[in-house]
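Take a look at the structure set out below.
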Amino acid sequence: MTQRLPRPAAGPPWEAPPEAEPVLAPEPVIRLTSVVKTYGTGEAAVHALRGVSLDVAQRDYVAIMGASGSGKSTMMNIIGCLDVPSEGEFLIDGIDTSRLDEQQLAMVRNRKIGFVFQAFNLIPRMTALANVELPLSYAGLRAAERRLRAEAALRLVGLAERMNAQPKQLSGGQQQRVAVARALVTAPSLILADEPTGNLDTKASADLMGVFDRLNAAGRTIVLITHEADVAAHAKRAISVQDGHIVTDRRVTAADAYPPLLRQPASQP
Amino acid sequence: MSPVQIFRFALAGLAANKLRSALTTLGILIGVGSVILLVAVGNGSSQSVQNAISSLGASAITVLHTNGSAGPAAAPTSAAGSTAFAEPQNLTVADAQALAQAQGVTSASPVVSTSQTLSNGGTSDSSVSLTGTYPSYFPAENDTLTRGSYFTTQEVNTAQHVVVLGSEAATDLFGTANPVGQSVLVAGIPFTVVGVLATKGSNGLTSADNTAAAPLTTVQDELTGFGTLNNVVVLAKSAAQVSTVEGEITSMLDLRHHETAADADFDVLSASTLLSTASSTAHTFTVLLGAVAAISLLVGGIGITNIMLVTVTERTREIGIRKAIGATPSVILAQFLTEATLLSMIGGALGVLAGVIGTRFTIVGVKPVTVPLSIPLAFGVSALIGLFFGGFPANRAANMRPADALRYE
């Protein structure tokens, strides 16, 4: 059931993507069905995931926790369309990724997913603005619109005055907020954050989680991968992974409720 | 993803490591520059040889007397019947007169030549090459006068003792004094100097100026006897007609001497024959130089592969990031190919500049003459080199797995 990939929604990035079927149970943003991922073959095979099934609904805010080697990185790679499952099915917005070639996977990553990495992963020697514009370039937007959208995204994460700074001129917290701006600038279905606070101090971590909370309150679906309990506490649902299985799946609040630790409820950031 | 945007990314990529980009560019610069310069040097030397040969008289054809099938290497002898081969006949004034009537021929001057010692009483000059001929010989040989005049046909018919000296012979005998009207002894026989020729310069090993020319009849009377002519210098109406005239001379003389090409007692030589030999030699030389330059261009291309591989490895993580945020393999491929092609084209453009500037100087005595085609060719090849040698590293970048590339430290 390969769908035509829509262009990024035309509205500003802080608006939630339009809900297609609000009355009936909405399609989950991501659906993993008995996903198995094995690296290598024979004796040397590593079973990173041994049959994981998971649905993430729109507007949900999910923390995936686990020790290193638990399979959470593999899960993140599959959810991020950076890797494909060996067995089972992975759907994002109803699109079966196993049927996509590398070109189409790149487009899914561009239109459907916004990545935030532990190591920020900004491109050096490019200004914050240029970094945020980058996914829009790959989406084929014209320069004027790219700039407009990128500026809006940077304002949203509170970096309006540092737009023309290069990554090395920014603090870790600022770099990570640029990365968040880059992740949400295409108005993706899902923001996927891999240990986003791993390289940040407590204050910057708290600021960043505040940004995520507000984004979720504004309607963004977020999946966080972390091993810190206080980061996971921001999520509405905490899943822990161990030895390639989901061991616990605890819901804190409803998917369409406000995030539990949101500091400025109801206010637009 | 617009081509403009890909071009910008590529430029930013090159600017990120300016020294490395500059050094890689230098490899192509040297390659392209040397192709243009060395081909120009080859071409220049070929042209200078051609100019030297055409200064000998592009429309002059020399008919050499030979001893029949013994070939042109055998020295011409004065008497007939000195050989066991088919009776070679003398080359005669009548032959020359017949040739002068042929189509496309301006003049045909019979020539006997001999080496003589000239003296003016006090000073003497040995081994002067003395030519006995008609006045039409001088224009055929591209000779000009600095003093006096040539001898006349009338003087030839009446076998006057007059002589025209080459510039070197004149200086040797008379120094800076005006030799016209003076007397010189040729093998002890007095001749009156009527003119002095302009300097022609050295023609390889022998000087073209240590010469003297006197009426054919006089020289035959006094010095060589009435055997065969050494040669006949035929002047074609134009350089373009030389080969036609050559054919005509051959058939006329074959007819007159009742012989076939196999036992011909003469050889027909022209500047154009020499010219074609010289140009094919020069062409080989140019190709050789071009090949050496092409190798340096190839080495420059390998330099591009090398540097692009380093760049791709070094930027693995960046490639991973770009892929994670939606760069398709073809966009990554295009970016790195553009980087490689930019490197080679910038190098190519600078190489063209360097090559063209280089051709303004004289190199080892050769004035280079740019071959116009070599410029677009060298530049085009440099652009292709970027595509070809950048292809492998760019392909490697495009096919990186994003998950692995992101983990790369």
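In the structure tokens, each chain is lettered A, B, ... as it comes, each chain's residues begin at 1, and ligands are numbered from 1 in order of appearance.
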Practice problem: Give me, as a count of residues only, the contact residues of chain B against chain A at a cut-off of 12 Å, counting only C-alpha atoms. | Solution: 45
Exercise. Name the residues of range 19-190 of chain B that come out as strand (DSSP E) in a backbone DSSP run; write them as a ChimeraX atom specification.
Key: /B:60-65,105-119,124-133,145-148,162-165,183-186,189-190
Keeping N, CA and C atoms, export the residues of the selection given above as a short mmCIF file (atom, residue, chain, number, x, y, z; two decimals), in the first residue's frame.
data_model
loop_
_atom_site.label_atom_id
_atom_site.label_comp_id
_atom_site.auth_asym_id
_atom_site.auth_seq_id
_atom_site.Cartn_x
_atom_site.Cartn_y
_atom_site.Cartn_z
N ALA B 60 60.79 26.40 -56.03
CA ALA B 60 61.95 25.94 -56.80
C ALA B 60 62.01 24.43 -56.80
N ILE B 61 62.33 23.86 -57.97
CA ILE B 61 62.48 22.42 -58.10
C ILE B 61 63.88 22.19 -58.67
N THR B 62 64.60 21.26 -58.07
CA THR B 62 65.94 20.98 -58.57
C THR B 62 65.93 19.64 -59.30
N VAL B 63 66.41 19.65 -60.54
CA VAL B 63 66.57 18.39 -61.27
C VAL B 63 68.05 18.05 -61.20
N LEU B 64 68.35 16.97 -60.49
CA LEU B 64 69.74 16.58 -60.26
C LEU B 64 70.13 15.52 -61.28
N HIS B 65 71.32 15.67 -61.81
CA HIS B 65 71.80 14.62 -62.70
C HIS B 65 72.36 13.50 -61.86
N VAL B 105 55.76 26.51 -65.56
CA VAL B 105 57.17 26.76 -65.26
C VAL B 105 57.51 28.20 -65.63
N THR B 106 58.11 28.93 -64.72
CA THR B 106 58.53 30.29 -64.99
C THR B 106 59.87 30.29 -65.70
N SER B 107 60.81 29.52 -65.13
CA SER B 107 62.13 29.48 -65.75
C SER B 107 62.79 28.16 -65.42
N ALA B 108 63.78 27.79 -66.19
CA ALA B 108 64.58 26.62 -65.90
C ALA B 108 66.03 27.01 -66.13
N SER B 109 66.83 27.01 -65.07
CA SER B 109 68.20 27.48 -65.19
C SER B 109 69.16 26.31 -65.11
N PRO B 110 69.94 26.10 -66.15
CA PRO B 110 70.95 25.05 -66.10
C PRO B 110 72.07 25.45 -65.14
N VAL B 111 72.60 24.48 -64.42
CA VAL B 111 73.60 24.78 -63.40
C VAL B 111 74.75 23.78 -63.50
N VAL B 112 75.98 24.31 -63.53
CA VAL B 112 77.13 23.46 -63.23
C VAL B 112 77.73 24.02 -61.95
N SER B 113 78.23 23.16 -61.11
CA SER B 113 78.83 23.70 -59.90
C SER B 113 80.17 23.05 -59.67
N THR B 114 81.04 23.83 -59.07
CA THR B 114 82.41 23.37 -58.83
C THR B 114 82.94 24.15 -57.64
N SER B 115 83.85 23.56 -56.93
CA SER B 115 84.44 24.24 -55.79
C SER B 115 85.78 24.83 -56.23
N GLN B 116 85.98 26.12 -56.04
CA GLN B 116 87.17 26.80 -56.54
C GLN B 116 87.77 27.71 -55.47
N THR B 117 89.04 28.02 -55.68
CA THR B 117 89.68 29.00 -54.81
C THR B 117 89.65 30.36 -55.51
N LEU B 118 89.15 31.35 -54.80
CA LEU B 118 89.10 32.69 -55.34
C LEU B 118 90.18 33.53 -54.67
N SER B 119 90.76 34.44 -55.42
CA SER B 119 91.70 35.35 -54.76
C SER B 119 91.66 36.70 -55.46
N SER B 124 93.05 35.20 -50.36
CA SER B 124 92.39 34.16 -51.15
C SER B 124 91.37 33.45 -50.27
N ASP B 125 90.40 32.86 -50.93
CA ASP B 125 89.30 32.20 -50.24
C ASP B 125 89.09 30.86 -50.91
N SER B 126 89.41 29.79 -50.17
CA SER B 126 89.30 28.47 -50.80
C SER B 126 87.89 27.89 -50.61
N SER B 127 87.62 26.86 -51.33
CA SER B 127 86.35 26.12 -51.27
C SER B 127 85.13 27.01 -51.41
N VAL B 128 85.22 27.94 -52.34
CA VAL B 128 84.03 28.71 -52.65
C VAL B 128 83.22 27.88 -53.63
N SER B 129 81.96 27.76 -53.36
CA SER B 129 81.14 26.99 -54.28
C SER B 129 80.73 27.89 -55.44
N LEU B 130 81.30 27.57 -56.62
CA LEU B 130 81.08 28.40 -57.81
C LEU B 130 80.01 27.76 -58.68
N THR B 131 79.04 28.55 -59.03
CA THR B 131 77.93 28.07 -59.84
C THR B 131 78.00 28.72 -61.21
N GLY B 132 77.93 27.90 -62.25
CA GLY B 132 77.81 28.46 -63.58
C GLY B 132 76.37 28.33 -64.02
N THR B 133 75.77 29.44 -64.38
CA THR B 133 74.33 29.36 -64.64
C THR B 133 73.86 30.52 -65.52
N LEU B 145 70.23 41.14 -54.36
CA LEU B 145 71.51 41.84 -54.45
C LEU B 145 71.64 42.88 -53.36
N THR B 146 72.85 43.07 -52.86
CA THR B 146 73.09 44.24 -52.02
C THR B 146 73.85 45.30 -52.82
N ARG B 147 74.64 44.83 -53.79
CA ARG B 147 75.43 45.77 -54.60
C ARG B 147 75.47 45.32 -56.04
N GLY B 148 75.61 46.26 -56.96
CA GLY B 148 75.83 45.92 -58.36
C GLY B 148 74.60 45.30 -59.00
N VAL B 162 82.62 37.45 -65.90
CA VAL B 162 82.02 38.27 -64.83
C VAL B 162 81.55 37.31 -63.73
N VAL B 163 81.47 37.84 -62.51
CA VAL B 163 81.09 36.98 -61.38
C VAL B 163 80.25 37.77 -60.36
N VAL B 164 79.27 37.09 -59.78
CA VAL B 164 78.48 37.65 -58.66
C VAL B 164 78.92 36.89 -57.41
N LEU B 165 79.34 37.64 -56.39
CA LEU B 165 79.85 37.00 -55.18
C LEU B 165 78.76 36.87 -54.12
N SER B 183 88.56 43.06 -59.67
CA SER B 183 88.88 41.81 -60.34
C SER B 183 89.18 40.74 -59.31
N VAL B 184 88.72 39.50 -59.59
CA VAL B 184 89.11 38.37 -58.74
C VAL B 184 89.65 37.27 -59.65
N LEU B 185 90.53 36.47 -59.08
CA LEU B 185 91.06 35.34 -59.83
C LEU B 185 90.33 34.08 -59.39
N VAL B 186 89.71 33.39 -60.38
CA VAL B 186 89.08 32.11 -60.08
C VAL B 186 89.96 31.06 -60.72
N ILE B 189 92.15 32.51 -63.17
CA ILE B 189 91.58 33.21 -64.32
C ILE B 189 90.88 34.47 -63.83
N PRO B 190 91.17 35.62 -64.42
CA PRO B 190 90.57 36.86 -63.92
C PRO B 190 89.09 37.01 -64.32
#
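Once Ile225 in chain A and its same-chain neighbours fewer than 2 positions away are set aside, Ala63, Ile64, Asp194 and Glu195 of chain A remain within 6 Å of it when counting only C-alpha atoms.
Pairwise distance (CA of Phe138 in chain B, CA of Tyr150 in chain B) equals 8.1 Å.
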Self-check item: Residue set, range 108-164 of chain B restricted to alpha helix (DSSP H), as a ChimeraX atom specification
Solution: /B:137-140,153-157
Surrounding residues of range 165-177 of chain A excluding itself and chain neighbours under 6 positions, 12 Å, only C-alpha atoms, as a short mmCIF file (atom, residue, chain, number, x, y, z; two decimals) with C-alpha atoms, in the first residue's frame:
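Result file selection.cif:
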data_model
loop_
_atom_site.label_atom_id
_atom_site.label_comp_id
_atom_site.auth_asym_id
_atom_site.auth_seq_id
_atom_site.Cartn_x
_atom_site.Cartn_y
_atom_site.Cartn_z
CA PHE A 115 15.66 13.73 13.33
CA VAL A 116 17.31 15.05 16.47
CA PHE A 117 20.59 13.32 17.31
CA GLN A 118 22.63 13.08 20.48
CA ALA A 119 25.66 14.61 18.72
CA PHE A 120 23.54 17.44 17.24
CA ASN A 121 24.85 16.51 13.79
CA LEU A 122 24.71 19.95 12.31
CA ILE A 123 26.77 20.41 9.18
CA PRO A 124 29.87 22.41 10.09
CA ARG A 125 30.68 25.63 8.20
CA MET A 126 27.02 26.17 7.43
CA THR A 127 25.06 28.80 9.32
CA ALA A 128 22.22 27.79 11.62
CA LEU A 129 19.79 29.11 9.03
CA ALA A 130 21.43 27.12 6.21
CA ASN A 131 21.35 23.98 8.36
CA VAL A 132 17.65 24.42 8.99
CA ALA A 153 11.40 27.32 12.91
CA LEU A 154 14.42 29.03 14.47
CA ARG A 155 12.17 31.63 16.14
CA LEU A 156 10.10 28.77 17.51
CA VAL A 157 13.12 27.25 19.29
CA GLY A 158 14.20 30.69 20.51
CA LEU A 159 17.21 31.22 18.27
CA ALA A 183 13.73 18.47 12.46
CA LEU A 184 10.44 20.31 12.54
CA ALA A 193 15.01 12.18 18.95
CA ASP A 194 17.90 9.87 19.77
CA GLU A 195 19.33 10.70 23.20
CA PRO A 196 18.75 14.40 22.54
CA THR A 197 20.00 15.48 25.97
CA GLY A 198 22.95 13.09 26.07
CA ASN A 199 25.51 15.82 25.37
CA LEU A 200 23.80 18.63 27.30
CA ASP A 201 24.09 19.95 30.83
CA THR A 202 21.09 19.96 33.19
CA LYS A 203 19.94 23.48 32.35
CA ALA A 204 20.21 22.99 28.59
CA SER A 205 18.50 19.60 28.96
CA ALA A 206 15.60 21.16 30.80
CA ASP A 207 15.30 23.91 28.17
CA LEU A 208 15.34 21.39 25.36
CA MET A 209 12.74 19.16 26.99
CA GLY A 210 10.60 22.28 27.42
CA VAL A 211 10.83 22.79 23.66
CA PHE A 212 9.75 19.20 23.04
#
Quiz item: Looking at only C-alpha atoms, which of B:Gly121, B:Gly290, B:Pro368, B:Pro393 is the one that sits closest to Glu314 in chain B?
Solution: B:Pro393
Quiz item: What's the 10 Å shell around Ser189 in chain A, counting only C-alpha atoms, without same-chain residues fewer than 6 positions away, as a ChimeraX atom specification?
Solution: /A:8,16-17,29-30,58-59,92-93,111-114,219-222
Would you mind exporting C-alpha atoms of the selected residues as a compact mmCIF listing (two decimals), in the first residue's frame?
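File produced: out_33.txt:
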# COMPACT_ATOMS: atom_id res chain seq x y z
CA PRO A 8 5.56 19.19 3.25
CA ALA A 16 -0.14 20.24 13.60
CA PRO A 17 -0.54 18.36 10.37
CA VAL A 29 1.84 7.55 12.76
CA ILE A 30 4.01 4.47 13.04
CA GLN A 58 -0.83 10.94 16.36
CA ARG A 59 0.07 13.59 18.98
CA ILE A 92 4.87 5.16 8.67
CA ASP A 93 1.71 7.13 7.95
CA ARG A 111 8.85 14.49 4.44
CA LYS A 112 7.74 12.29 7.34
CA ILE A 113 10.53 12.32 9.89
CA GLY A 114 12.48 14.99 11.70
CA GLY A 219 0.29 18.69 18.08
CA ARG A 220 3.61 17.13 17.07
CA THR A 221 4.13 13.40 17.49
CA ILE A 222 7.43 12.75 19.25
